[in-house]
>>> print(open('protein13.txt').read())   # compact mmCIF, C-alpha atoms
# COMPACT_ATOMS: atom_id res chain seq x y z
CA MET Z 276 93.83 135.71 171.00
CA SER Z 277 93.01 132.85 168.69
CA GLY Z 278 89.73 132.98 166.80
CA GLN Z 279 89.35 129.20 166.69
CA THR Z 280 86.09 127.89 168.06
CA LEU Z 281 85.71 125.05 170.54
CA THR Z 282 84.49 122.90 167.63
CA ASP Z 283 87.76 123.59 165.77
CA ARG Z 284 89.82 122.55 168.77
CA ILE Z 285 87.85 119.37 169.34
CA ALA Z 286 88.07 118.36 165.67
CA ALA Z 287 91.83 118.96 165.61
CA ALA Z 288 92.26 116.92 168.79
CA GLN Z 289 90.25 114.03 167.36
CA TYR Z 290 92.43 113.87 164.26
CA GLN Z 291 95.54 114.07 166.44
CA LEU Z 292 94.35 111.10 168.50
CA THR Z 293 93.86 109.04 165.34
CA GLY Z 294 97.46 109.78 164.38
CA SER Z 295 96.59 111.54 161.13
CA ASP Z 296 98.77 114.64 160.95
CA MET Z 297 97.56 115.33 157.44
CA ALA Z 298 93.88 115.34 158.44
CA ARG Z 299 94.75 117.53 161.41
CA ALA Z 300 96.48 120.01 159.06
CA VAL Z 301 93.36 120.08 156.86
CA CYS Z 302 91.27 120.80 159.94
CA LYS Z 303 93.66 123.58 161.02
CA ALA Z 304 93.55 125.13 157.53
CA THR Z 305 89.75 125.19 157.55
CA THR Z 306 88.87 126.64 160.96
CA HIS Z 307 86.03 129.07 161.69
CA GLU Z 308 88.43 132.04 161.74
CA VAL Z 309 87.50 134.61 159.10
CA MET Z 310 90.92 134.70 157.49
CA ALA Z 311 92.74 132.91 154.70
CA PRO Z 312 94.11 129.43 155.49
CA LYS Z 313 97.40 129.84 157.31
CA LYS Z 314 100.53 129.50 155.22
CA LYS Z 315 102.16 126.92 157.52
CA HIS Z 316 99.23 124.53 157.15
CA LEU Z 317 99.09 124.95 153.37
CA GLU Z 318 102.84 124.38 153.09
CA TYR Z 319 102.55 121.20 155.13
CA LEU Z 320 99.80 119.86 152.88
CA VAL Z 321 101.67 120.79 149.68
CA SER Z 322 104.76 119.04 150.97
CA ALA Z 323 102.64 115.99 151.90
CA THR Z 324 101.44 115.63 148.29
CA ASN Z 325 105.08 115.21 147.22
CA THR Z 326 105.64 112.35 149.67
CA THR Z 327 105.48 108.92 148.05
CA ASN Z 328 103.57 107.26 150.89
CA VAL Z 329 100.98 110.02 151.32
CA ASN Z 330 97.33 109.04 151.08
CA ILE Z 331 96.02 111.51 148.49
CA PRO Z 332 92.45 110.13 148.60
CA GLN Z 333 92.37 110.61 152.37
CA MET Z 334 93.51 114.23 152.04
CA ALA Z 335 90.90 114.97 149.37
CA ASP Z 336 88.15 113.17 151.25
CA THR Z 337 88.91 115.17 154.40
CA LEU Z 338 88.59 118.39 152.38
CA PHE Z 339 85.28 117.18 150.92
CA GLU Z 340 84.09 116.39 154.43
CA ARG Z 341 84.97 119.91 155.59
CA SER Z 342 83.07 121.35 152.63
CA THR Z 343 79.85 119.85 154.02
CA ASN Z 344 80.04 122.06 157.11
CA ALA Z 345 77.16 124.46 157.75
CA SER Z 346 79.47 127.47 158.18
CA TRP Z 347 80.38 129.46 155.06
CA VAL Z 348 83.80 130.15 156.59
CA VAL Z 349 84.76 126.47 156.88
CA VAL Z 350 83.36 125.59 153.44
CA PHE Z 351 85.04 128.53 151.70
CA LYS Z 352 88.39 127.71 153.32
CA ALA Z 353 88.03 124.07 152.28
CA LEU Z 354 87.59 125.21 148.67
CA VAL Z 355 90.57 127.60 148.90
CA THR Z 356 92.74 124.84 150.37
CA THR Z 357 91.67 122.42 147.63
CA HIS Z 358 92.44 124.99 144.94
CA HIS Z 359 95.82 125.72 146.54
CA MET Z 360 96.65 121.99 146.40
CA CYS Z 361 95.70 121.92 142.70
CA VAL Z 362 98.01 124.85 141.96
CA TYR Z 363 101.02 124.11 144.18
CA GLY Z 364 100.68 120.46 145.13
CA ASN Z 365 101.83 117.39 143.29
CA GLU Z 366 99.85 116.69 140.12
CA ARG Z 367 98.65 113.45 141.68
CA PHE Z 368 96.19 115.53 143.70
CA ILE Z 369 94.27 116.92 140.73
CA GLN Z 370 94.57 113.54 139.01
CA TYR Z 371 92.68 112.02 141.91
CA LEU Z 372 90.03 114.75 141.78
CA ALA Z 373 89.60 114.10 138.06
CA SER Z 374 89.13 110.37 138.69
CA ARG Z 375 86.21 110.88 141.08
CA THR Z 376 82.66 110.61 139.79
CA SER Z 377 81.52 113.45 142.06
CA LEU Z 378 83.29 116.36 143.73
CA PHE Z 379 81.81 119.39 145.48
CA ASN Z 380 78.02 119.34 145.72
CA LEU Z 381 77.42 122.96 146.68
CA SER Z 382 74.84 124.09 144.15
CA ASN Z 383 72.27 124.60 146.94
CA PHE Z 384 74.62 125.75 149.69
CA ILE Z 385 73.48 128.71 151.74
CA ASP Z 386 74.48 130.00 155.17
CA LYS Z 387 71.58 131.95 156.66
CA THR Z 388 73.27 132.77 159.95
CA GLY Z 389 73.83 136.37 158.84
CA SER Z 390 73.85 138.75 155.89
CA HIS Z 391 77.58 138.24 155.36
CA GLY Z 392 77.14 134.47 155.26
CA TYR Z 393 74.30 134.84 152.78
CA ASP Z 394 76.47 136.97 150.46
CA MET Z 395 79.49 134.67 150.69
CA SER Z 396 77.32 131.62 149.95
CA THR Z 397 76.85 132.92 146.39
CA PHE Z 398 80.61 132.91 145.80
CA ILE Z 399 80.97 129.49 147.42
CA ARG Z 400 78.52 128.01 144.92
CA ARG Z 401 80.36 129.64 142.00
CA TYR Z 402 83.77 128.65 143.33
CA GLY Z 403 82.68 125.04 143.81
CA ARG Z 404 81.46 124.91 140.19
CA TYR Z 405 84.81 126.18 138.96
CA LEU Z 406 86.81 123.59 140.91
CA ASN Z 407 84.52 120.86 139.60
CA GLU Z 408 85.04 122.14 136.04
CA LYS Z 409 88.81 122.33 136.55
CA ALA Z 410 88.88 118.65 137.53
CA PHE Z 411 86.52 117.73 134.68
CA ALA Z 412 88.77 119.51 132.16
CA TYR Z 413 91.71 117.47 133.44
CA ARG Z 414 89.66 114.30 132.98
CA GLN Z 415 88.83 115.30 129.40
CA MET Z 416 92.33 116.35 128.36
CA ALA Z 417 94.60 114.34 130.71
CA PHE Z 418 96.50 117.53 131.61
CA ASP Z 419 95.96 120.80 133.45
CA PHE Z 420 95.77 123.83 131.13
CA THR Z 421 97.46 125.96 133.81
CA ARG Z 422 100.45 123.62 134.16
CA VAL Z 423 101.32 122.80 130.56
CA LYS Z 424 104.23 124.34 128.69
CA LYS Z 425 103.42 127.60 126.89
CA GLY Z 426 104.91 129.31 123.85
CA ALA Z 427 106.01 128.14 120.42
CA GLU Z 428 106.86 124.62 121.62
CA GLY Z 429 103.97 124.45 124.07
CA VAL Z 430 101.16 121.93 124.19
CA MET Z 431 98.46 124.12 122.68
CA ARG Z 432 100.72 125.40 119.88
CA THR Z 433 101.76 121.91 118.77
CA MET Z 434 98.35 120.19 118.93
CA THR Z 435 96.93 118.52 115.86
CA THR Z 436 93.79 120.00 114.32
CA GLU Z 437 91.60 117.19 115.66
CA LYS Z 438 92.85 117.56 119.25
CA LEU Z 439 92.72 121.35 119.04
CA LEU Z 440 89.08 121.40 117.93
CA LYS Z 441 88.29 119.08 120.84
CA GLY Z 442 90.41 120.85 123.45
CA MET Z 443 89.54 124.49 122.82
CA PRO Z 444 85.85 124.16 123.82
CA VAL Z 445 86.96 122.41 127.03
CA LEU Z 446 89.33 125.28 127.78
CA GLN Z 447 86.66 127.86 126.94
CA THR Z 448 84.19 126.23 129.32
CA GLN Z 449 86.74 126.28 132.15
CA ILE Z 450 87.41 129.99 131.54
CA ASP Z 451 83.66 130.71 131.41
CA THR Z 452 83.12 128.99 134.75
CA LEU Z 453 85.97 130.97 136.30
CA LEU Z 454 84.57 134.26 135.01
CA GLU Z 455 81.20 133.40 136.56
CA PHE Z 456 82.81 134.07 139.95
CA ASP Z 457 81.97 137.67 139.00
CA VAL Z 458 83.18 139.44 142.13
CA HIS Z 459 83.22 143.23 142.58
CA PRO Z 460 85.88 145.22 144.47
CA LYS Z 461 83.58 146.05 147.41
CA GLU Z 462 82.92 142.32 147.89
CA LEU Z 463 86.62 141.55 148.36
CA ASN Z 464 86.24 142.39 152.02
CA ASN Z 465 87.79 139.46 153.89
CA GLY Z 466 90.89 137.32 153.70
CA ILE Z 467 89.10 134.19 152.50
CA ILE Z 468 87.49 135.61 149.39
CA ASN Z 469 90.71 137.54 148.69
CA ALA Z 470 92.68 134.29 148.78
CA ALA Z 471 90.15 132.64 146.46
CA PHE Z 472 90.31 135.56 144.05
CA MET Z 473 94.12 135.46 143.94
CA LEU Z 474 94.09 131.77 143.06
CA LEU Z 475 91.49 132.41 140.37
CA PHE Z 476 93.53 135.32 139.01
CA LYS Z 477 96.62 133.13 138.74
CA ASP Z 478 94.60 130.43 136.99
CA LEU Z 479 93.06 132.93 134.58
CA VAL Z 480 96.40 134.36 133.46
CA LYS Z 481 97.71 130.89 132.70
CA LEU Z 482 94.45 129.72 131.15
CA PHE Z 483 94.43 132.75 128.88
CA ALA Z 484 98.04 132.07 127.93
CA SER Z 485 97.00 128.57 126.84
CA TYR Z 486 93.93 130.08 125.15
CA ASN Z 487 96.14 132.44 123.14
CA ASP Z 488 98.45 129.60 122.15
CA GLY Z 489 95.45 127.60 120.98
CA ILE Z 490 94.07 130.51 118.93
CA ILE Z 491 97.44 131.09 117.24
CA ASN Z 492 97.63 127.38 116.38
CA LEU Z 493 94.04 127.43 115.16
CA LEU Z 494 94.67 130.37 112.82
CA GLU Z 495 97.88 128.82 111.54
CA LYS Z 496 95.92 125.71 110.58
CA TYR Z 497 92.73 127.48 109.51
CA PHE Z 498 93.69 128.02 105.88
CA LYS Z 499 94.45 124.31 105.44
CA MET Z 500 91.24 123.00 107.01
CA LYS Z 501 88.27 121.53 105.22
CA LYS Z 502 85.10 123.59 105.39
CA SER Z 503 83.48 121.68 108.27
CA ASP Z 504 86.56 122.21 110.43
CA CYS Z 505 86.75 125.87 109.36
CA LYS Z 506 83.18 126.37 110.60
CA GLU Z 507 84.07 124.88 113.97
CA ALA Z 508 87.29 126.88 114.21
CA LEU Z 509 85.48 130.09 113.28
CA GLU Z 510 82.95 129.58 116.08
CA ILE Z 511 85.82 129.02 118.53
CA TYR Z 512 87.42 132.27 117.38
CA LYS Z 513 84.14 134.18 117.70
CA ARG Z 514 83.69 132.91 121.25
CA PHE Z 515 87.27 133.96 121.97
CA LEU Z 516 86.46 137.54 120.95
CA THR Z 517 83.44 137.70 123.25
CA ARG Z 518 85.51 136.59 126.24
CA VAL Z 519 88.45 138.96 125.89
CA THR Z 520 86.72 141.97 127.47
CA LYS Z 521 85.48 139.98 130.46
CA ILE Z 522 88.91 138.47 130.98
CA GLY Z 523 90.51 141.92 130.97
CA GLU Z 524 87.97 143.24 133.48
CA PHE Z 525 88.59 140.30 135.83
CA MET Z 526 92.35 140.82 135.67
CA LYS Z 527 92.07 144.52 136.48
CA LEU Z 528 90.38 143.64 139.77
CA ALA Z 529 93.66 142.13 140.93
CA GLU Z 530 94.90 145.63 141.80
CA THR Z 531 92.31 145.82 144.57
CA VAL Z 532 93.90 142.89 146.43
CA GLY Z 533 97.47 144.06 146.16
CA VAL Z 534 98.82 142.87 142.81
CA ASP Z 535 101.21 145.44 141.34
CA LYS Z 536 99.82 147.09 138.22
CA ASN Z 537 102.92 146.14 136.23
CA ASP Z 538 102.25 142.48 136.99
CA ILE Z 539 98.78 142.58 135.44
CA PRO Z 540 98.88 141.78 131.72
CA ASP Z 541 97.42 144.26 129.26
CA ILE Z 542 95.08 142.77 126.69
CA ASN Z 543 94.92 144.24 123.20
CA TYR Z 544 92.04 143.53 120.86
CA ALA Z 545 91.96 142.16 117.34
CA PRO Z 546 90.59 144.31 114.50
CA SER Z 547 87.28 143.21 112.96
CA SER Z 548 89.03 142.69 109.61
CA ILE Z 549 90.50 139.40 110.91
CA LEU Z 550 87.05 137.94 111.49
CA GLU Z 551 85.88 139.22 108.11
CA SER Z 552 88.83 137.55 106.38
CA LEU Z 553 88.20 134.24 108.12
CA GLU Z 554 84.52 134.29 107.21
CA THR Z 555 85.24 135.23 103.60
CA HIS Z 556 87.77 132.40 103.31
CA MET Z 557 85.34 129.83 104.71
CA ASN Z 558 82.49 131.01 102.47
CA GLY Z 559 84.73 130.53 99.43
CA LEU Z 560 85.36 126.86 100.21
CA GLU Z 561 83.46 123.92 98.84
CA ASP Z 562 82.00 121.46 101.34
CA GLY Z 563 84.50 118.85 102.45
CA SER Z 564 87.41 120.25 100.46
CA PRO Z 565 90.71 120.91 102.24
CA THR Z 566 92.64 124.01 101.23
CA ASN Z 567 96.16 122.63 100.98
CA ASN Z 568 96.23 123.50 97.30
CA VAL Z 569 95.45 127.20 97.76
CA SER Z 570 98.31 129.31 96.44
CA PRO Z 571 99.99 131.66 98.94
CA THR Z 572 98.78 134.79 97.18
CA SER Z 573 95.36 133.61 96.04
CA THR Z 574 92.11 134.81 97.53
CA PRO Z 575 89.66 132.01 98.35
CA ALA Z 576 86.67 134.32 97.90
CA LYS Z 577 84.95 134.82 94.53
CA SER Z 578 86.22 138.38 94.28
CA SER Z 579 89.48 139.78 95.55
CA ASN Z 580 87.65 142.93 96.60
CA ALA Z 581 85.64 140.91 99.12
CA VAL Z 582 88.70 140.36 101.33
CA PRO Z 583 90.02 143.32 103.33
CA THR Z 584 93.73 143.91 102.89
CA LEU Z 585 95.53 143.65 106.22
CA GLN Z 586 98.51 145.95 106.42
CA PRO Z 587 100.80 146.85 109.33
CA PRO Z 588 99.56 149.90 111.26
CA PRO Z 589 101.04 153.31 110.32
CA GLY Z 590 104.14 154.23 112.27
CA GLU Z 591 105.02 150.66 113.20
CA SER Z 592 106.09 149.31 109.83
CA ALA Z 593 109.63 150.65 109.92
CA GLY Z 594 110.39 149.42 113.41
CA ALA Z 595 108.81 146.04 112.79
CA ALA Z 596 110.68 145.58 109.51
CA ALA Z 597 113.97 146.39 111.21
CA ALA Z 598 113.21 143.80 113.89
CA ALA Z 599 112.35 141.24 111.24
CA SER Z 600 115.67 141.69 109.49
CA SER Z 601 117.64 141.11 112.68
CA GLU Z 602 115.86 138.05 114.06
CA PRO Z 603 114.00 135.01 112.72
CA ALA Z 604 110.24 135.18 112.39
CA GLU Z 605 109.57 132.45 114.89
CA ASP Z 606 111.16 134.53 117.65
CA SER Z 607 108.30 136.99 117.34
CA LEU Z 608 105.85 134.49 118.80
CA LEU Z 609 104.94 135.71 122.24
CA ASP Z 610 105.71 133.95 125.49
CA LEU Z 611 102.18 134.10 126.85
CA ASP Z 612 103.02 132.83 130.36
CA PRO Z 613 103.94 135.91 132.44
CA LEU Z 614 103.81 133.88 135.65
CA ALA Z 615 106.49 131.44 134.54
CA SER Z 616 109.59 131.13 136.69
CA SER Z 617 111.70 132.88 134.09
CA GLY Z 618 109.67 136.07 134.51
CA PRO Z 619 107.74 138.07 131.97
CA SER Z 620 109.04 138.23 128.45
CA VAL Z 621 108.92 141.35 126.35
CA PRO Z 622 107.24 140.60 123.03
CA SER Z 623 109.37 141.38 120.03
CA ALA Z 624 108.00 143.05 116.95
CA ALA Z 625 106.35 140.83 114.39
CA PRO Z 626 107.92 140.71 110.94
CA THR Z 627 106.37 142.77 108.17
CA SER Z 628 108.57 141.62 105.32
CA TRP Z 629 108.24 138.29 103.55
CA GLY Z 630 111.31 138.26 101.30
CA GLY Z 631 109.79 140.54 98.68
CA LYS Z 632 106.83 138.23 98.03
CA SER Z 633 103.24 139.25 98.53
CA PRO Z 634 102.10 137.80 101.86
CA SER Z 635 99.29 135.28 101.87
CA MET Z 636 96.07 136.13 103.67
CA SER Z 637 96.90 133.59 106.38
CA THR Z 638 100.27 135.24 107.00
CA GLN Z 639 98.64 138.66 107.20
CA VAL Z 640 96.09 137.39 109.72
CA LEU Z 641 98.87 135.93 111.84
CA PHE Z 642 100.69 139.28 111.71
CA TRP Z 643 97.67 141.03 113.16
CA CYS Z 644 97.26 138.32 115.79
CA LEU Z 645 100.79 138.67 117.08
CA ASN Z 646 100.51 142.45 117.30
CA TYR Z 647 96.98 143.07 118.51
CA MET Z 648 95.19 140.03 119.81
CA PHE Z 649 97.29 138.56 122.50
CA LEU Z 650 98.44 138.97 126.05
CA GLN Z 651 101.18 141.52 126.57
CA MET Z 652 102.79 142.92 129.68
CA SER Z 653 102.24 146.61 130.36
CA PRO Z 654 105.03 149.04 129.32
CA GLY Z 655 106.13 149.60 132.90
CA ALA Z 656 106.93 145.93 133.35
CA ALA Z 657 109.19 145.96 130.31
CA GLN Z 658 111.07 149.11 131.28
CA SER Z 659 112.06 148.26 134.81
CA PRO Z 660 112.97 145.06 136.66
CA ARG Z 661 110.16 143.51 138.66
CA LYS Z 662 110.21 144.34 142.35
CA PRO Z 663 108.39 142.27 144.96
CA PRO Z 664 105.27 144.09 146.18
CA PRO Z 665 105.04 145.15 149.85
CA PRO Z 666 103.11 142.93 152.29
CA ARG Z 667 99.34 143.27 151.97
CA ASN Z 668 97.36 143.10 155.18
CA ALA Z 669 94.17 142.27 153.27
CA LEU Z 670 95.61 138.90 152.34
CA ASP Z 671 96.29 137.91 155.94
CA ASP Z 672 98.72 134.96 155.94
CA LEU Z 673 98.60 134.46 152.18
CA ASN Z 674 102.01 135.07 150.62
CA ILE Z 675 101.30 137.28 147.60
CA LYS Z 676 104.72 136.54 146.09
CA ASP Z 677 103.48 132.99 145.45
CA PHE Z 678 101.27 134.44 142.74
CA MET Z 679 103.84 136.61 140.99
>>> encode(input="protein13.txt", output="structure tokens")
Amino acid sequence: MSGQTLTDRIAAAQYQLTGSDMARAVCKATTHEVMAPKKKHLEYLVSATNTTNVNIPQMADTLFERSTNASWVVVFKALVTTHHMCVYGNERFIQYLASRTSLFNLSNFIDKTGSHGYDMSTFIRRYGRYLNEKAFAYRQMAFDFTRVKKGAEGVMRTMTTEKLLKGMPVLQTQIDTLLEFDVHPKELNNGIINAAFMLLFKDLVKLFASYNDGIINLLEKYFKMKKSDCKEALEIYKRFLTRVTKIGEFMKLAETVGVDKNDIPDINYAPSSILESLETHMNGLEDGSPTNNVSPTSTPAKSSNAVPTLQPPPGESAGAAAAASSEPAEDSLLDLDPLASSGPSVPSAAPTSWGGKSPSMSTQVLFWCLNYMFLQMSPGAAQSPRKPPPPRNALDDLNIKDFM
């Protein structure tokens, strides 16, 4: 028996009478049924965004209208549907959201019809803030951090210093807003919040991939920056370190909604010596002076003893050196987009030999970054081919393979 209310049926009939199939599909995706939006309605809306004559503003406005409903179920499903359109729909959809002066106004939303509604209202407010921030980030950068190309030739790795120092805080704010969703396993108790969490998980993996690319680019440029830029870059790096633990904790929650453990990236942490080296380098600079003229083996600090020597970890030097001799150094840069269509890549060992020359401090820092700082797939994912996970009842009609 269908769980749709009489109000749902009347609203769908009204849209049908007006001849708007798209608005009717939005209404069907956001009924009062406590379950994730049905796959057939989401697929119809995604396909509509790829049609040249589709009215994107009308679709978005209908979703905004549904988000003003008094029921937490309808509002939450409107947010999930909007997020789904941002992830899977044509980019014109998020472009339109970014062009609006106002989006979801849910900061005071609360459903007092029951204890469950009261609890879910908290996540609705947080979710609405994230979607607003996602659109705002697009407006600031003119691209979606989750959609851009990753890796050595990706957008964040090829940015100029000026654009990077502007873009990284925008990316950090979007990640912060996502992490504020702050859900616990026992609260993932219905199909709607599960669907929202899965979309957030997918965004976070791709956002962190872009974040990693940006940090690598930042560290590559750090030793050529003037002191004012070094200060800004150092603060960005410090904020990165404070977020890594929270990001890892959020990703681990994905197991509770059916994501296979091998599909959840492992996050390794950078040693404190990297931060110490960056600070020592900056403190040795004169105000306003770029560091292009620093020799590869020189130490920018007043005393060479002030800079910790970064060496490859014991037991890994031999294997890493062998890998370096058989492949070019640039191949060691990680593909930090495990959700890309090509599947997860297995990171190769970073080189530990620099042609017999003493490595510069910047090269040593980059060595540590590639080995310890960044996103890596768990060993099980590298050893066996990925298998599609079994159907998960907790996700209702949501197709979990869409997130793999």
>>> closest_residue(input="protein13.txt", among="Z:Glu530, Z:Asp451, Z:Glu318, Z:Glu340", to="Met473 (chain Z)", atoms="all atoms listed in the file")
Z:Glu530
>>> closest_residue(input="protein13.txt", among="Z:Leu453, Z:Ala298, Z:Leu440, Z:Leu553", to="Leu475 (chain Z)", atoms="only C-alpha atoms")
Z:Leu453
>>> atom_distance(input="protein13.txt", atom1="CA of Arg341 (chain Z)", atom2="CA of Val301 (chain Z)")
8.5 Å
>>> atom_distance(input="protein13.txt", atom1="CA of Val532 (chain Z)", atom2="CA of Phe472 (chain Z)")
8.5 Å
>>> closest_residue(input="protein13.txt", among="Z:Gln447, Z:Lys499, Z:Lys527, Z:Asn492", to="Lys513 (chain Z)", atoms="all atoms listed in the file")
Z:Gln447
>>> closest_residue(input="protein13.txt", among="Z:Ala412, Z:Met557, Z:Ile385, Z:Cys361", to="Thr452 (chain Z)", atoms="only C-alpha atoms")
Z:Ala412
>>> residues_around(input="protein13.txt", residues="Arg367 (chain Z)", least_positions_apart="4", cutoff="9 Å", atoms="all atoms listed in the file", output="list in words")
Thr324, Asn325, Ile331, Tyr371 and Leu372 of chain Z
>>> residues_near_point(input="protein13.txt", point="(100.5, 127.4, 154.2)", cutoff="10 Å", atoms="all atoms listed in the file", output="list in words")
Ala300, Ala304, Ala311, Pro312, Lys313, Lys314, Lys315, His316, Leu317, Glu318, Tyr319, Leu320, Val321, Ser322, Thr356, His359, Asp672, Leu673 and Asn674 of chain Z
>>> atom_distance(input="protein13.txt", atom1="CA of Gly403 (chain Z)", atom2="CA of Phe456 (chain Z)")
9.8 Å
>>> closest_residue(input="protein13.txt", among="Z:Asn465, Z:Ala410, Z:Leu493, Z:Asp457", to="Met443 (chain Z)", atoms="all atoms listed in the file")
Z:Leu493
>>> decode(input="protein13.txt", residues="region 500-513 of chain Z", atoms="N, CA, C and O atoms", output="mmCIF file, in the first residue's frame")
data_model
loop_
_atom_site.group_PDB
_atom_site.id
_atom_site.type_symbol
_atom_site.label_atom_id
_atom_site.label_comp_id
_atom_site.auth_asym_id
_atom_site.auth_seq_id
_atom_site.Cartn_x
_atom_site.Cartn_y
_atom_site.Cartn_z
ATOM 1 N N MET Z 500 57.509 31.365 -2.886
ATOM 2 C CA MET Z 500 56.600 32.461 -2.546
ATOM 3 C C MET Z 500 57.316 33.559 -1.768
ATOM 4 O O MET Z 500 58.293 33.297 -1.068
ATOM 5 N N LYS Z 501 56.776 34.764 -1.862
ATOM 6 C CA LYS Z 501 57.225 35.827 -0.970
ATOM 7 C C LYS Z 501 56.639 35.577 0.416
ATOM 8 O O LYS Z 501 55.713 34.775 0.578
ATOM 9 N N LYS Z 502 57.156 36.276 1.404
ATOM 10 C CA LYS Z 502 56.813 35.952 2.791
ATOM 11 C C LYS Z 502 55.325 36.118 3.086
ATOM 12 O O LYS Z 502 54.734 35.292 3.797
ATOM 13 N N SER Z 503 54.686 37.133 2.535
ATOM 14 C CA SER Z 503 53.261 37.343 2.809
ATOM 15 C C SER Z 503 52.423 36.184 2.292
ATOM 16 O O SER Z 503 51.472 35.740 2.941
ATOM 17 N N ASP Z 504 52.796 35.666 1.106
ATOM 18 C CA ASP Z 504 52.083 34.510 0.560
ATOM 19 C C ASP Z 504 52.396 33.246 1.356
ATOM 20 O O ASP Z 504 51.531 32.387 1.537
ATOM 21 N N CYS Z 505 53.639 33.129 1.818
ATOM 22 C CA CYS Z 505 54.015 31.980 2.653
ATOM 23 C C CYS Z 505 53.168 31.934 3.922
ATOM 24 O O CYS Z 505 52.728 30.859 4.352
ATOM 25 N N LYS Z 506 52.939 33.098 4.534
ATOM 26 C CA LYS Z 506 52.123 33.155 5.744
ATOM 27 C C LYS Z 506 50.710 32.647 5.465
ATOM 28 O O LYS Z 506 50.145 31.857 6.235
ATOM 29 N N GLU Z 507 50.152 33.095 4.350
ATOM 30 C CA GLU Z 507 48.800 32.672 3.986
ATOM 31 C C GLU Z 507 48.757 31.178 3.680
ATOM 32 O O GLU Z 507 47.843 30.473 4.120
ATOM 33 N N ALA Z 508 49.757 30.707 2.943
ATOM 34 C CA ALA Z 508 49.818 29.286 2.602
ATOM 35 C C ALA Z 508 49.993 28.424 3.848
ATOM 36 O O ALA Z 508 49.411 27.339 3.963
ATOM 37 N N LEU Z 509 50.798 28.900 4.784
ATOM 38 C CA LEU Z 509 51.035 28.148 6.015
ATOM 39 C C LEU Z 509 49.754 28.016 6.829
ATOM 40 O O LEU Z 509 49.467 26.953 7.391
ATOM 41 N N GLU Z 510 48.952 29.078 6.879
ATOM 42 C CA GLU Z 510 47.681 29.004 7.594
ATOM 43 C C GLU Z 510 46.732 28.021 6.926
ATOM 44 O O GLU Z 510 46.000 27.286 7.586
ATOM 45 N N ILE Z 511 46.742 27.996 5.595
ATOM 46 C CA ILE Z 511 45.916 27.031 4.855
ATOM 47 C C ILE Z 511 46.339 25.607 5.195
ATOM 48 O O ILE Z 511 45.502 24.723 5.426
ATOM 49 N N TYR Z 512 47.655 25.380 5.246
ATOM 50 C CA TYR Z 512 48.161 24.044 5.572
ATOM 51 C C TYR Z 512 47.797 23.645 7.006
ATOM 52 O O TYR Z 512 47.410 22.506 7.278
ATOM 53 N N LYS Z 513 47.897 24.584 7.937
ATOM 54 C CA LYS Z 513 47.540 24.291 9.330
ATOM 55 C C LYS Z 513 46.068 23.923 9.446
ATOM 56 O O LYS Z 513 45.700 22.989 10.182
#
